[in-house]
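Participant: Sending over a structure as structure tokens; questions will come in a sec.
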Amino acid sequence: MSDYLFSQFKANEFEALHKELSKVLDISQDKLQALYEEMQQEFELEGYPDDRRLPRNIFHSHDESFQKCYEDALVIGVDIPSLLEKNNNISNKKTVVILGQDPLRKSNKKVEEIGIATPYALHLKNCREKLRNTRLYFDLIKVLLDAGYRVYLTDIFKVWVSEASCDRGIPLNKKDSIRFIQVLKAELEIFEPLAIVTWGREASNGIRSIKLEVKHLEFPHPSGAANGAWGRLMGKPATRENRIDFWQQKVFAHLSGL
């Protein structure tokens with residue numbers, strides 16, 4: 001039996017979440033439920049099971065020129081939000097949100113269907129325990145889980161789009177960006193978080209634009225590319241151990257005041 005539960009939403013949470021996601025993604029409630037159930041079944045499997053695959057037409061841009069870019073893109077990324085918590089039969093845990101930017105994907109050839117995953121692919125055991133970057137992400141999250149919090153992971157933008165000729169991402173257009181921000185605001189209200197933690201500048205800027213009445217704690221993205229930012233913030237080398245220790249001190253100091 002796993003030490004942690006994956007996306008065990010309360011019934012009212014799941015229905016409300018689907019209602020918001022359906023404003024930007026054409027996925028039925030039954031299909032969304034099935035996606036989560038399949039990921040739950042894979043939660044303790046070794047290796048890297050394939051992402052669920054859905055057709056590109058689950059998303060339609062409100063900007064005609066961007067829709068053409070979307071259709072021509074080499075690869076599309078879509079992550080559905082996820083919820084992690086300790087498997088200890090406690091049902092009234094407080095929720096902390098960790099907010100990222102978008103579901104980045106990599107490919108050297110055109111992928112016609114969309115691989116549906118979760119933020120940082122933490123529904124996969126190997127991503128939580130073995131893959132270098134995402135193992136650190138989970139170790140940071142685990143600090144909160146082991147302290148008795150539920151952790152809700154989501155991105156500002158649920159869709160990521162590459163260029164047609166390579167897997168370099170292109171910016172979302174203004175119309176769709178506004179749609180995603182509106183969905184995010186309603187999405188966060190569903191889970192009534194005690195606090196919102198942002199990873200990276202884009203996530204931080206996005207949450208500021210919403211003006212929620214929830215305490216916001218900003219961190220650099222935990223990827224290796226942000227080691228310099230972590231080092232400057234901590235005043236010491238951005239080793240794995242230093243980052244986990246710094247995170248634990250700052251987050252718990254923040255939460256203790258709420």
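Every chain in the structure tokens has a letter given in the order shown (A, B, ...), and although residue numbers restart at 1 in each chain, ligands are simply numbered from 1 in the order shown.
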Tell me which protein, DNA and RNA residues are within 12 Å of Asp63 (chain A), counting only C-alpha atoms, leaving out same-chain ones fewer than 3 positions away, and put them as a PyMOL selection string.

Facilitator: chain A and resi 59-60+66-70+172-179

Participant: Keeping N, CA, C and O atoms for every residue in the selection just given, could you write it to a file as an mmCIF file, in the first residue's frame?

Facilitator:
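Listed below is the output, again_8.cif:
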data_model
loop_
_atom_site.group_PDB
_atom_site.id
_atom_site.type_symbol
_atom_site.label_atom_id
_atom_site.label_comp_id
_atom_site.auth_asym_id
_atom_site.auth_seq_id
_atom_site.Cartn_x
_atom_site.Cartn_y
_atom_site.Cartn_z
ATOM 1 N N PHE A 59 -8.873 21.133 -27.326
ATOM 2 C CA PHE A 59 -8.688 22.559 -27.068
ATOM 3 C C PHE A 59 -8.936 23.343 -28.345
ATOM 4 O O PHE A 59 -8.500 22.943 -29.418
ATOM 5 N N HIS A 60 -9.639 24.461 -28.201
ATOM 6 C CA HIS A 60 -9.871 25.363 -29.326
ATOM 7 C C HIS A 60 -9.549 26.785 -28.885
ATOM 8 O O HIS A 60 -10.134 27.292 -27.928
ATOM 9 N N PHE A 66 -3.797 31.991 -33.641
ATOM 10 C CA PHE A 66 -3.157 31.053 -32.716
ATOM 11 C C PHE A 66 -3.684 29.634 -32.939
ATOM 12 O O PHE A 66 -2.933 28.658 -32.785
ATOM 13 N N GLN A 67 -4.950 29.506 -33.300
ATOM 14 C CA GLN A 67 -5.498 28.180 -33.576
ATOM 15 C C GLN A 67 -4.722 27.506 -34.697
ATOM 16 O O GLN A 67 -4.458 26.301 -34.647
ATOM 17 N N LYS A 68 -4.319 28.285 -35.701
ATOM 18 C CA LYS A 68 -3.515 27.725 -36.793
ATOM 19 C C LYS A 68 -2.159 27.263 -36.263
ATOM 20 O O LYS A 68 -1.672 26.176 -36.634
ATOM 21 N N CYS A 69 -1.542 28.059 -35.386
ATOM 22 C CA CYS A 69 -0.256 27.660 -34.773
ATOM 23 C C CYS A 69 -0.434 26.385 -33.960
ATOM 24 O O CYS A 69 0.425 25.486 -33.985
ATOM 25 N N TYR A 70 -1.544 26.294 -33.254
ATOM 26 C CA TYR A 70 -1.851 25.114 -32.438
ATOM 27 C C TYR A 70 -1.956 23.868 -33.317
ATOM 28 O O TYR A 70 -1.392 22.814 -33.005
ATOM 29 N N LEU A 172 1.307 31.935 -25.351
ATOM 30 C CA LEU A 172 -0.129 31.947 -25.568
ATOM 31 C C LEU A 172 -0.586 33.343 -25.963
ATOM 32 O O LEU A 172 0.017 34.340 -25.569
ATOM 33 N N ASN A 173 -1.640 33.415 -26.714
ATOM 34 C CA ASN A 173 -2.207 34.711 -27.071
ATOM 35 C C ASN A 173 -2.984 35.283 -25.881
ATOM 36 O O ASN A 173 -3.304 34.580 -24.919
ATOM 37 N N LYS A 174 -3.286 36.576 -25.968
ATOM 38 C CA LYS A 174 -3.930 37.271 -24.850
ATOM 39 C C LYS A 174 -5.310 36.699 -24.520
ATOM 40 O O LYS A 174 -5.649 36.510 -23.334
ATOM 41 N N LYS A 175 -6.121 36.403 -25.541
ATOM 42 C CA LYS A 175 -7.471 35.903 -25.293
ATOM 43 C C LYS A 175 -7.449 34.603 -24.501
ATOM 44 O O LYS A 175 -8.196 34.430 -23.529
ATOM 45 N N ASP A 176 -6.604 33.667 -24.915
ATOM 46 C CA ASP A 176 -6.553 32.380 -24.221
ATOM 47 C C ASP A 176 -5.893 32.505 -22.854
ATOM 48 O O ASP A 176 -6.286 31.815 -21.903
ATOM 49 N N SER A 177 -4.901 33.376 -22.744
ATOM 50 C CA SER A 177 -4.270 33.594 -21.438
ATOM 51 C C SER A 177 -5.302 34.070 -20.418
ATOM 52 O O SER A 177 -5.333 33.596 -19.278
ATOM 53 N N ILE A 178 -6.165 34.993 -20.823
ATOM 54 C CA ILE A 178 -7.214 35.495 -19.931
ATOM 55 C C ILE A 178 -8.164 34.370 -19.537
ATOM 56 O O ILE A 178 -8.566 34.243 -18.371
ATOM 57 N N ARG A 179 -8.512 33.515 -20.499
ATOM 58 C CA ARG A 179 -9.388 32.370 -20.195
ATOM 59 C C ARG A 179 -8.766 31.478 -19.123
ATOM 60 O O ARG A 179 -9.434 31.076 -18.162
#

Participant: Determine, for each residue of region 84-147 of chain A having at least one atom at most 9 Å from an atom of region 37-44 of chain A, the closest pair of atoms and their separation in Å to one decimal, counting only C-alpha atoms; order by chain and ascending number, as a tab-separated table.

Facilitator:
residue	atom	partner	partner_atom	distance
A:Ala117	CA	A:Met39	CA	8.7
A:Leu122	CA	A:Phe43	CA	8.5
A:His123	CA	A:Phe43	CA	5.4
A:Leu124	CA	A:Phe43	CA	5.5
A:Lys125	CA	A:Glu44	CA	5.5
A:Asn126	CA	A:Glu44	CA	8.8

Participant: To one decimal place in Å, what is the distance between CA of Thr134 (chain A) and CA of Tyr120 (chain A)?

Facilitator: 6.2 Å

Participant: For a test of reading the model, state the distance in Å between CA of Arg56 (chain A) and CA of Phe14 (chain A), rounded to one decimal.

Facilitator: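 A separation of 23.3 Å between them.
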
Participant: Using only C-alpha atoms, find each residue of region 9-35 of chain A with at least one atom at most 9 Å away from an atom of region 147-159 of chain A; report its shortest atom-to-atom pair and that distance in Å (one decimal), sort the rows by chain and rising residue number, and return the result as JSON lines.

Facilitator:
{"residue": "A:Leu21", "atom": "CA", "partner": "A:Lys158", "partner_atom": "CA", "distance": 8.8}
{"residue": "A:Val24", "atom": "CA", "partner": "A:Lys158", "partner_atom": "CA", "distance": 8.4}
{"residue": "A:Leu25", "atom": "CA", "partner": "A:Lys158", "partner_atom": "CA", "distance": 8.7}

Participant: Can those selected residues be exported to a file as a CSV table (one decimal), in the first residue's frame so that it contains N, CA, C and O atoms?

Facilitator:
chain,number,residue,atom,x,y,z
A,21,LEU,N,-12.5,23.1,-15.7
A,21,LEU,CA,-11.6,22.7,-16.8
A,21,LEU,C,-12.3,22.6,-18.1
A,21,LEU,O,-11.7,22.8,-19.2
A,24,VAL,N,-12.1,25.3,-20.8
A,24,VAL,CA,-10.9,25.4,-21.7
A,24,VAL,C,-10.6,24.1,-22.4
A,24,VAL,O,-9.9,24.1,-23.4
A,25,LEU,N,-11.0,23.0,-21.8
A,25,LEU,CA,-10.7,21.6,-22.4
A,25,LEU,C,-12.0,20.8,-22.6
A,25,LEU,O,-12.8,20.7,-21.7

Participant: For Ile141 (chain A), which residue out of A:Gln248, A:Asn57, A:Gln33, A:Asn12 is the nearest one, using only C-alpha atoms?

Facilitator: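 Using only C-alpha atoms, the shortest distance to Ile141 (chain A) belongs to A:Gln248.
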
Participant: Rank A:Lys94, A:Arg52, A:Arg168, A:Lys142 by their smallest atom-to-atom distance to Ile114 (chain A), using only C-alpha atoms, and report the top residue only.

Facilitator: A:Arg52

Participant: Rounded to one decimal, what separation in Å do you get between CA of Ile90 (chain A) and CA of Phe6 (chain A)?

Facilitator: 14.3 Å

Participant: Report the closest atom pair, with its distance in Å rounded to one decimal, for each residue of region 95-165 of chain A that has an atom no farther than 9 Å from region 199-206 of chain A; count only C-alpha atoms, sort by chain and then rising residue number, and write it as a tab-separated table.

Facilitator:
residue	atom	partner	partner_atom	distance
A:Ile98	CA	A:Trp199	CA	7.2
A:Leu99	CA	A:Ala203	CA	6.2
A:Gly100	CA	A:Ala203	CA	5.3
A:Gln101	CA	A:Ala203	CA	5.1
A:Asp102	CA	A:Ala203	CA	8.9
A:Asp155	CA	A:Ala203	CA	7.7
A:Ile156	CA	A:Ala203	CA	6.5

Participant: Pull C-alpha atoms from the residues just selected and write them as a short mmCIF file (atom, residue, chain, number, x, y, z; two decimals), in the first residue's frame.

Facilitator:
data_model
loop_
_atom_site.label_atom_id
_atom_site.label_comp_id
_atom_site.auth_asym_id
_atom_site.auth_seq_id
_atom_site.Cartn_x
_atom_site.Cartn_y
_atom_site.Cartn_z
CA ILE A 98 1.81 24.66 -5.61
CA LEU A 99 1.41 26.59 -8.82
CA GLY A 100 3.57 26.17 -11.89
CA GLN A 101 3.51 27.71 -15.36
CA ASP A 102 2.61 25.23 -18.09
CA ASP A 155 -0.44 25.21 -13.79
CA ILE A 156 -1.55 28.70 -14.75
#

Participant: Residues within 9 Å of Gln29 (chain A), please, as a compact mmCIF listing (two decimals) with all heavy atoms, in the first residue's frame. Count only C-alpha atoms; anything in the same chain fewer than 6 positions from it doesn't count.

Facilitator:
# COMPACT_ATOMS: atom_id res chain seq x y z
N PHE A 14 -14.37 17.33 -7.24
CA PHE A 14 -14.15 16.80 -8.59
C PHE A 14 -15.15 17.39 -9.58
O PHE A 14 -14.79 17.81 -10.68
CB PHE A 14 -14.25 15.27 -8.60
CG PHE A 14 -14.08 14.69 -9.97
CD1 PHE A 14 -12.82 14.63 -10.55
CD2 PHE A 14 -15.17 14.26 -10.71
CE1 PHE A 14 -12.65 14.13 -11.83
CE2 PHE A 14 -15.01 13.75 -11.99
CZ PHE A 14 -13.75 13.69 -12.55
N GLU A 15 -16.41 17.44 -9.19
CA GLU A 15 -17.43 17.98 -10.08
C GLU A 15 -17.16 19.45 -10.40
O GLU A 15 -17.30 19.89 -11.55
CB GLU A 15 -18.81 17.80 -9.47
CG GLU A 15 -19.25 16.34 -9.40
CD GLU A 15 -20.51 16.15 -8.60
OE1 GLU A 15 -21.10 17.17 -8.15
OE2 GLU A 15 -20.93 14.99 -8.41
N HIS A 18 -14.08 19.73 -12.74
CA HIS A 18 -14.42 19.42 -14.13
C HIS A 18 -15.17 20.58 -14.77
O HIS A 18 -14.91 20.93 -15.93
CB HIS A 18 -15.26 18.15 -14.24
CG HIS A 18 -15.74 17.92 -15.63
ND1 HIS A 18 -17.02 18.24 -16.06
CD2 HIS A 18 -15.08 17.46 -16.74
CE1 HIS A 18 -17.13 17.98 -17.34
NE2 HIS A 18 -15.99 17.49 -17.78
N LYS A 19 -16.07 21.19 -14.03
CA LYS A 19 -16.84 22.31 -14.57
C LYS A 19 -15.91 23.43 -15.04
O LYS A 19 -16.12 24.02 -16.10
CB LYS A 19 -17.80 22.84 -13.51
CG LYS A 19 -18.64 24.01 -13.97
CD LYS A 19 -19.58 24.49 -12.87
CE LYS A 19 -20.37 25.71 -13.33
NZ LYS A 19 -21.27 26.22 -12.26
N SER A 22 -13.62 22.26 -18.06
CA SER A 22 -14.38 22.11 -19.31
C SER A 22 -14.58 23.44 -20.02
O SER A 22 -15.00 23.46 -21.18
CB SER A 22 -15.74 21.46 -19.01
OG SER A 22 -16.56 22.32 -18.23

Participant: Counting only C-alpha atoms, figure out which residue out of A:Ser165, A:Asn133, A:Thr95, A:Gln182 gets nearest to His221 (chain A).

Facilitator: A:Asn133

Participant: Using only C-alpha atoms, what does the table of region 115-173 of chain A residues within 10 Å of region 231-242 of chain A look like, with each row giving the shortest atom pair and its distance in Å to one decimal, sorted by chain and ascending number, as a tab-separated table?

Facilitator:
residue	atom	partner	partner_atom	distance
A:Leu136	CA	A:Arg240	CA	7.3
A:Asp139	CA	A:Arg240	CA	9.6
A:Leu140	CA	A:Arg240	CA	10.0

Participant: Have a look at A:Ala229, A:Leu194, A:Ile58, A:Leu184 and name the one nearest to Ile210 (chain A); count only C-alpha atoms.

Facilitator: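 When distances to Ile210 (chain A) are compared using only C-alpha atoms, the smallest one comes from A:Leu184.
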
Participant: Could you check which of A:Asp50, A:Phe180, A:Val75, A:Leu144 is closest to Lys23 (chain A), using only C-alpha atoms?

Facilitator: A:Phe180

Participant: Nearest residue to Phe219 (chain A) out of A:Ala121, A:Ile27, A:Val96, A:Ile196, using only C-alpha atoms?

Facilitator: A:Ile196

Participant: List every residue of region 8-181 of chain A that DSSP, applied to the backbone of this structure, assigns to strand (DSSP E or B), and report them as a ChimeraX atom specification.

Facilitator: /A:52-54,76-79,82-86,95-100,114-117,150-155,159-162,169
